[in-house]
Amino acid sequence: MRLGVLDIGSNTVHLLVVDAHRGARPIPAYSHKEELRLTEHLDDDNNLSAAGIELLGEFVEEAVGIAEDKGVEDFLAFATSAVREAANGEQVLAQIDDRCGVNIQVLSGRDEARLTFLAVRRWFGWSSGRLLALDIGGGSLEIAAGVDEEPDVAVSLPLGAGRLTRDWFTADPPPADEVRTLRRHVRTEIARTVGDVVKYGEPNRVVATSKTFRQLARIAGAAPSGEGPYVSRSLSRQAVAEWAVRLTGMGSAERAQLSGVSEARAPQLAAGALVADATMDLFEVDRLEVCPWALREGVILRRLDALPGRLDQSGNVSG
């Protein structure tokens with residue numbers, strides 16, 4: 001079947017079309033995305049602005065048209081922290097449904113962590129043992145750990161790179177006192193969760209997803225995305241600690257000159273590096289691996305798992 005997934009994130013709104021059936025690896029067929037940065041369209045009362053609503057509505061309308069053109073049979077749409085935490089989030093989604101005929105599901109932070117963990121588990125397989133999965137988004141940080149496809153623990157913290165940049169930094173580059181204040185805040189929030197995660201056991205493998213971790217790995221020397229998803233990519237705690245210091249001392253224009261850093265994401269990379277550094281340090285992770293699959297793939301996999309199967313002549317279930 002051809003499946004369309006619309007991911008309304010805090011930074012990027014992304015339509016991914018895949019060809020897939022149950023038990024098989026989803027094969028990307030088409031991708032269309034735009035950096036709407038919805039967190040920047042939240043006003044002082046945490047309402048998504050009229051301009052932000054219009055931009056989102058335009059993209060969803062365009063995505064529906066593309067999905068039809070590409071022959072999508074099943075269309076899923078979900079939103080994460082920016083819409084979830086907007087004071088007028090429900091009204092925004094109702095307006096978009098009226099305009100575009102799309103029912104957008106709002107994922108809880110815990111569900112984000114659980115579905116991302118599912119994608120990581122499927123990518124690395126059962127031989128990885130106990131997994132610790134980390135994801136830094138625009139609005140939140142997700143942490144999940146476990147030995148099965150359903151994690152033992154799944155946590156979401158309001159420590160997204162975009163959110164922290166907007167709420168804690170007043171200049172570019174940020175003043176040293178703001179960096180120190182944010183660093184202390186991030187470490188305090190993460191430290192509260194460490195005990196709840198590690199009580200289930202030490203991970204055999206630590207894996208990170210998200211643009212922030214991918215960019216940090218790239219500037220620390222990992223292979224570029226052009227070499228494909230099957231190239232092994234990793235990131236050391238030492239490299240993250242060093243780059244967290246360097247990035248907070250740079251302006252956005254200078255960060256954008258680094259390998260693998262886009263101009264759109266450069267402003268929030270410093271805050272994201274502080275979160276990555278704190279997470280790896282507090283969880284005592286010396287090195288982690290970067291996974292090409294994340295939340296979108298988790299949503300796709302869960303949808304495919306729910307498809308009805310049928311028995312073939314050998315008695316096996318087929319899609």
# chains A, B, ... in the order shown; residues from 1 in each chain; ligands from 1
$ residues_around --residues "Arg255 of chain A" --least-positions-apart "3" --cutoff "12 Å" --atoms "only C-alpha atoms" --output "CSV table (one decimal) with N, CA and C atoms, in the first residue's frame"
chain,number,residue,atom,x,y,z
A,172,ASP,N,22.3,36.9,19.9
A,172,ASP,CA,23.0,35.9,19.0
A,172,ASP,C,24.4,36.4,18.7
A,173,PRO,N,25.5,35.8,19.3
A,173,PRO,CA,25.4,34.6,20.2
A,173,PRO,C,24.9,35.0,21.6
A,215,GLN,N,23.1,16.7,13.3
A,215,GLN,CA,24.0,17.8,13.0
A,215,GLN,C,25.2,17.8,13.9
A,216,LEU,N,25.1,17.5,15.2
A,216,LEU,CA,26.2,17.4,16.1
A,216,LEU,C,27.2,16.3,15.7
A,219,ILE,N,29.1,17.5,12.5
A,219,ILE,CA,30.2,18.5,12.7
A,219,ILE,C,31.3,17.9,13.5
A,243,TRP,N,31.8,20.7,21.6
A,243,TRP,CA,31.0,21.5,20.7
A,243,TRP,C,30.0,22.4,21.4
A,244,ALA,N,29.5,21.9,22.5
A,244,ALA,CA,28.5,22.7,23.3
A,244,ALA,C,29.2,24.0,23.7
A,246,ARG,N,31.8,25.5,22.1
A,246,ARG,CA,32.1,26.3,20.9
A,246,ARG,C,30.9,26.9,20.3
A,247,LEU,N,29.8,26.1,20.2
A,247,LEU,CA,28.6,26.6,19.5
A,247,LEU,C,27.9,27.7,20.3
A,248,THR,N,27.9,27.7,21.6
A,248,THR,CA,27.3,28.8,22.4
A,248,THR,C,28.1,30.1,22.2
A,249,GLY,N,29.4,30.0,21.8
A,249,GLY,CA,30.2,31.2,21.5
A,249,GLY,C,30.1,31.7,20.1
A,250,MET,N,29.4,31.0,19.2
A,250,MET,CA,29.2,31.4,17.8
A,250,MET,C,27.9,32.1,17.6
A,251,GLY,N,27.8,32.9,16.6
A,251,GLY,CA,26.5,33.4,16.1
A,251,GLY,C,25.9,32.4,15.1
A,252,SER,N,24.7,32.6,14.8
A,252,SER,CA,24.0,31.7,13.9
A,252,SER,C,24.6,31.6,12.5
A,258,LEU,N,29.1,25.5,9.3
A,258,LEU,CA,29.6,24.2,9.7
A,258,LEU,C,29.0,23.1,8.8
A,259,SER,N,29.8,22.1,8.6
A,259,SER,CA,29.3,21.0,7.8
A,259,SER,C,28.0,20.4,8.3
A,260,GLY,N,27.0,20.2,7.5
A,260,GLY,CA,25.8,19.6,7.9
A,260,GLY,C,24.8,20.5,8.7
A,261,VAL,N,25.1,21.7,8.9
A,261,VAL,CA,24.2,22.6,9.7
A,261,VAL,C,23.5,23.5,8.7
A,262,SER,N,22.2,23.5,8.7
A,262,SER,CA,21.4,24.3,7.8
A,262,SER,C,21.2,25.7,8.4
A,263,GLU,N,21.0,26.6,7.5
A,263,GLU,CA,20.8,28.0,8.0
A,263,GLU,C,19.5,28.1,8.9
A,264,ALA,N,18.5,27.3,8.6
A,264,ALA,CA,17.2,27.4,9.3
A,264,ALA,C,17.4,26.8,10.8
A,265,ARG,N,18.3,25.8,10.9
A,265,ARG,CA,18.4,25.2,12.2
A,265,ARG,C,19.6,25.8,13.0
A,266,ALA,N,20.5,26.6,12.4
A,266,ALA,CA,21.6,27.1,13.1
A,266,ALA,C,21.3,27.9,14.3
A,267,PRO,N,20.2,28.7,14.3
A,267,PRO,CA,20.0,29.5,15.5
A,267,PRO,C,19.7,28.7,16.8
A,268,GLN,N,19.2,27.5,16.7
A,268,GLN,CA,18.8,26.7,17.8
A,268,GLN,C,19.8,25.6,18.2
A,269,LEU,N,20.9,25.5,17.4
A,269,LEU,CA,21.8,24.4,17.6
A,269,LEU,C,22.6,24.5,18.9
A,270,ALA,N,22.9,25.7,19.3
A,270,ALA,CA,23.6,25.9,20.6
A,270,ALA,C,22.8,25.4,21.8
A,273,ALA,N,22.7,21.7,21.6
A,273,ALA,CA,24.0,21.1,22.1
A,273,ALA,C,24.1,21.0,23.6
$ closest_residue --among "A:Ser210, A:Asp43, A:Val155, A:Ala67" --to "Asn11 of chain A" --atoms "only C-alpha atoms"
A:Ser210
$ closest_residue --among "A:Leu182, A:Thr165, A:Gln238, A:Leu132" --to "Asn204 of chain A" --atoms "only C-alpha atoms"
A:Leu132
$ residues_around --residues "Leu15 of chain A" --least-positions-apart "3" --cutoff "8 Å" --atoms "only C-alpha atoms" --output "VMD selection string"
chain A and resid 4 to 7 31 to 33 63
$ write_last_selection --atoms "C-alpha atoms" --output "PDB file, in the first residue's frame"
ATOM      1  CA  GLY A   4       1.123   9.233   3.519  1.00  0.00           C
ATOM      2  CA  VAL A   5       2.242  10.596   6.885  1.00  0.00           C
ATOM      3  CA  LEU A   6       2.007  14.281   7.759  1.00  0.00           C
ATOM      4  CA  ASP A   7       4.243  15.206  10.693  1.00  0.00           C
ATOM      5  CA  SER A  31       9.082  13.741   0.660  1.00  0.00           C
ATOM      6  CA  HIS A  32       7.895  17.323   0.988  1.00  0.00           C
ATOM      7  CA  LYS A  33       8.736  19.538   3.947  1.00  0.00           C
ATOM      8  CA  ALA A  63       0.018  18.135   1.464  1.00  0.00           C
TER       9      ALA A  63
END
$ closest_residue --among "A:Ser49, A:Gln91, A:Thr193, A:Thr181" --to "Ala145 of chain A" --atoms "only C-alpha atoms"
A:Thr193
$ residues_around --residues "Thr116 of chain A" --least-positions-apart "5" --cutoff "8 Å" --atoms "only C-alpha atoms" --output "PDB file with all heavy atoms, in the first residue's frame"
ATOM      1  N   ALA A 133      16.926   5.338  24.101  1.00  0.00           N
ATOM      2  CA  ALA A 133      16.697   6.172  22.922  1.00  0.00           C
ATOM      3  C   ALA A 133      16.483   7.620  23.332  1.00  0.00           C
ATOM      4  O   ALA A 133      15.692   7.905  24.233  1.00  0.00           O
ATOM      5  CB  ALA A 133      15.485   5.662  22.139  1.00  0.00           C
ATOM      6  N   ASP A 135      15.880  11.725  21.863  1.00  0.00           N
ATOM      7  CA  ASP A 135      15.439  12.532  20.727  1.00  0.00           C
ATOM      8  C   ASP A 135      15.236  13.972  21.172  1.00  0.00           C
ATOM      9  O   ASP A 135      14.424  14.248  22.064  1.00  0.00           O
ATOM     10  CB  ASP A 135      14.134  11.959  20.163  1.00  0.00           C
ATOM     11  CG  ASP A 135      13.695  12.643  18.878  1.00  0.00           C
ATOM     12  OD1 ASP A 135      13.460  13.869  18.899  1.00  0.00           O
ATOM     13  OD2 ASP A 135      13.571  11.958  17.855  1.00  0.00           O
ATOM     14  N   TRP A 293      15.998   6.372  11.551  1.00  0.00           N
ATOM     15  CA  TRP A 293      14.561   6.330  11.790  1.00  0.00           C
ATOM     16  C   TRP A 293      14.227   7.042  13.093  1.00  0.00           C
ATOM     17  O   TRP A 293      14.987   7.011  14.052  1.00  0.00           O
ATOM     18  CB  TRP A 293      14.083   4.885  11.879  1.00  0.00           C
ATOM     19  CG  TRP A 293      13.855   4.242  10.551  1.00  0.00           C
ATOM     20  CD1 TRP A 293      14.135   4.759   9.328  1.00  0.00           C
ATOM     21  CD2 TRP A 293      13.305   2.933  10.329  1.00  0.00           C
ATOM     22  NE1 TRP A 293      13.781   3.864   8.344  1.00  0.00           N
ATOM     23  CE2 TRP A 293      13.276   2.744   8.934  1.00  0.00           C
ATOM     24  CE3 TRP A 293      12.838   1.933  11.168  1.00  0.00           C
ATOM     25  CZ2 TRP A 293      12.792   1.569   8.351  1.00  0.00           C
ATOM     26  CZ3 TRP A 293      12.350   0.752  10.604  1.00  0.00           C
ATOM     27  CH2 TRP A 293      12.326   0.579   9.204  1.00  0.00           C
ATOM     28  N   ALA A 294      13.044   7.673  13.113  1.00  0.00           N
ATOM     29  CA  ALA A 294      12.616   8.400  14.312  1.00  0.00           C
ATOM     30  C   ALA A 294      11.087   8.334  14.421  1.00  0.00           C
ATOM     31  O   ALA A 294      10.476   7.327  14.055  1.00  0.00           O
ATOM     32  CB  ALA A 294      13.121   9.835  14.266  1.00  0.00           C
ATOM     33  N   LEU A 295      10.484   9.404  14.906  1.00  0.00           N
ATOM     34  CA  LEU A 295       9.056   9.399  15.207  1.00  0.00           C
ATOM     35  C   LEU A 295       8.189   9.067  13.992  1.00  0.00           C
ATOM     36  O   LEU A 295       7.256   8.264  14.091  1.00  0.00           O
ATOM     37  CB  LEU A 295       8.645  10.755  15.790  1.00  0.00           C
ATOM     38  CG  LEU A 295       7.159  10.955  16.087  1.00  0.00           C
ATOM     39  CD1 LEU A 295       6.667   9.924  17.101  1.00  0.00           C
ATOM     40  CD2 LEU A 295       6.910  12.374  16.594  1.00  0.00           C
ATOM     41  N   ARG A 296       8.447   9.690  12.853  1.00  0.00           N
ATOM     42  CA  ARG A 296       7.624   9.422  11.667  1.00  0.00           C
ATOM     43  C   ARG A 296       7.595   7.941  11.325  1.00  0.00           C
ATOM     44  O   ARG A 296       6.544   7.363  11.048  1.00  0.00           O
ATOM     45  CB  ARG A 296       8.154  10.216  10.456  1.00  0.00           C
ATOM     46  CG  ARG A 296       7.520  11.566  10.266  1.00  0.00           C
ATOM     47  CD  ARG A 296       7.971  12.179   8.959  1.00  0.00           C
ATOM     48  NE  ARG A 296       9.418  12.244   8.834  1.00  0.00           N
ATOM     49  CZ  ARG A 296      10.173  13.189   9.363  1.00  0.00           C
ATOM     50  NH1 ARG A 296       9.628  14.153  10.056  1.00  0.00           N
ATOM     51  NH2 ARG A 296      11.484  13.190   9.185  1.00  0.00           N
ATOM     52  N   GLU A 297       8.774   7.330  11.348  1.00  0.00           N
ATOM     53  CA  GLU A 297       8.845   5.909  11.034  1.00  0.00           C
ATOM     54  C   GLU A 297       8.132   5.079  12.092  1.00  0.00           C
ATOM     55  O   GLU A 297       7.532   4.048  11.785  1.00  0.00           O
ATOM     56  CB  GLU A 297      10.307   5.480  10.896  1.00  0.00           C
ATOM     57  CG  GLU A 297      10.991   5.950   9.629  1.00  0.00           C
ATOM     58  CD  GLU A 297      11.375   7.430   9.654  1.00  0.00           C
ATOM     59  OE1 GLU A 297      11.373   8.031  10.764  1.00  0.00           O
ATOM     60  OE2 GLU A 297      11.663   7.989   8.587  1.00  0.00           O
ATOM     61  N   GLY A 298       8.195   5.518  13.358  1.00  0.00           N
ATOM     62  CA  GLY A 298       7.471   4.820  14.408  1.00  0.00           C
ATOM     63  C   GLY A 298       5.971   4.845  14.168  1.00  0.00           C
ATOM     64  O   GLY A 298       5.270   3.843  14.374  1.00  0.00           O
TER      65      GLY A 298
END
$ residues_around --residues "segment 119-123 of chain A" --least-positions-apart "5" --cutoff "10 Å" --atoms "only C-alpha atoms" --output "PyMOL selection string"
chain A and resi 25+114+128-134+146-151+207-209+290-302
$ write_last_selection --atoms "C-alpha atoms" --output "compact mmCIF listing (two decimals), in the first residue's frame"
# COMPACT_ATOMS: atom_id res chain seq x y z
CA ARG A 25 10.66 -2.11 5.51
CA ARG A 114 7.25 5.38 22.72
CA SER A 128 20.79 -4.71 20.68
CA GLY A 129 19.42 -5.77 24.06
CA ARG A 130 18.34 -2.97 26.36
CA LEU A 131 18.08 0.27 24.38
CA LEU A 132 18.19 3.87 25.58
CA ALA A 133 16.70 6.17 22.92
CA LEU A 134 17.13 9.96 22.95
CA GLY A 146 13.57 -0.93 27.41
CA VAL A 147 14.24 -4.42 26.08
CA ASP A 148 11.04 -4.89 24.05
CA GLU A 149 9.25 -2.84 21.40
CA GLU A 150 7.26 -1.17 24.17
CA PRO A 151 9.71 0.69 26.43
CA VAL A 207 20.80 5.59 20.28
CA ALA A 208 19.88 9.14 19.28
CA THR A 209 17.52 10.42 16.63
CA VAL A 290 22.66 7.89 15.41
CA CYS A 291 19.54 6.22 14.00
CA PRO A 292 18.05 7.36 10.68
CA TRP A 293 14.56 6.33 11.79
CA ALA A 294 12.62 8.40 14.31
CA LEU A 295 9.06 9.40 15.21
CA ARG A 296 7.62 9.42 11.67
CA GLU A 297 8.84 5.91 11.03
CA GLY A 298 7.47 4.82 14.41
CA VAL A 299 4.03 6.12 13.41
CA ILE A 300 4.28 4.30 10.08
CA LEU A 301 5.35 1.03 11.70
CA ARG A 302 2.54 1.18 14.27
$ select_by_dssp --residues "segment 9-83 of chain A" --states "strand (DSSP E)" --output "list in words"
Thr12, Val13, His14, Leu15, Leu16, Val17, Val18, Asp19, Ile27, Pro28, Ala29, Tyr30, Ser31, His32, Lys33, Glu34, Glu35, Asp74, Phe75, Leu76, Ala77, Phe78 and Ala79 of chain A
$ residues_around --residues "Ser156 of chain A" --least-positions-apart "3" --cutoff "10 Å" --atoms "only C-alpha atoms" --output "PDB file with C-alpha atoms, in the first residue's frame"
ATOM      1  CA  SER A  81       4.631  19.697  21.183  1.00  0.00           C
ATOM      2  CA  SER A 108       1.336  13.116  23.895  1.00  0.00           C
ATOM      3  CA  GLY A 109       4.972  13.516  24.839  1.00  0.00           C
ATOM      4  CA  ARG A 110       5.016   9.966  26.162  1.00  0.00           C
ATOM      5  CA  ASP A 111       3.609   8.649  22.887  1.00  0.00           C
ATOM      6  CA  GLU A 112       6.307  10.542  21.005  1.00  0.00           C
ATOM      7  CA  ALA A 113       8.936   8.795  23.105  1.00  0.00           C
ATOM      8  CA  ARG A 114       7.248   5.380  22.717  1.00  0.00           C
ATOM      9  CA  ASP A 135      15.439  12.532  20.727  1.00  0.00           C
ATOM     10  CA  ILE A 136      15.810  16.324  20.856  1.00  0.00           C
ATOM     11  CA  GLY A 139       9.777  21.654  21.565  1.00  0.00           C
ATOM     12  CA  SER A 140      10.725  18.689  23.700  1.00  0.00           C
ATOM     13  CA  LEU A 141      13.298  16.069  24.656  1.00  0.00           C
ATOM     14  CA  GLU A 142      12.152  12.449  24.567  1.00  0.00           C
ATOM     15  CA  ILE A 143      13.850   9.670  26.541  1.00  0.00           C
ATOM     16  CA  ALA A 144      12.806   6.013  26.417  1.00  0.00           C
ATOM     17  CA  LEU A 159      13.647  20.913  26.575  1.00  0.00           C
ATOM     18  CA  GLY A 160      13.383  21.255  22.811  1.00  0.00           C
ATOM     19  CA  THR A 193      14.440  11.676  35.322  1.00  0.00           C
TER      20      THR A 193
END
$ select_by_dssp --residues "segment 93-130 of chain A" --states "helix (DSSP H, G or I)" --output "ChimeraX atom specification"
/A:93-100,109-124,126-128
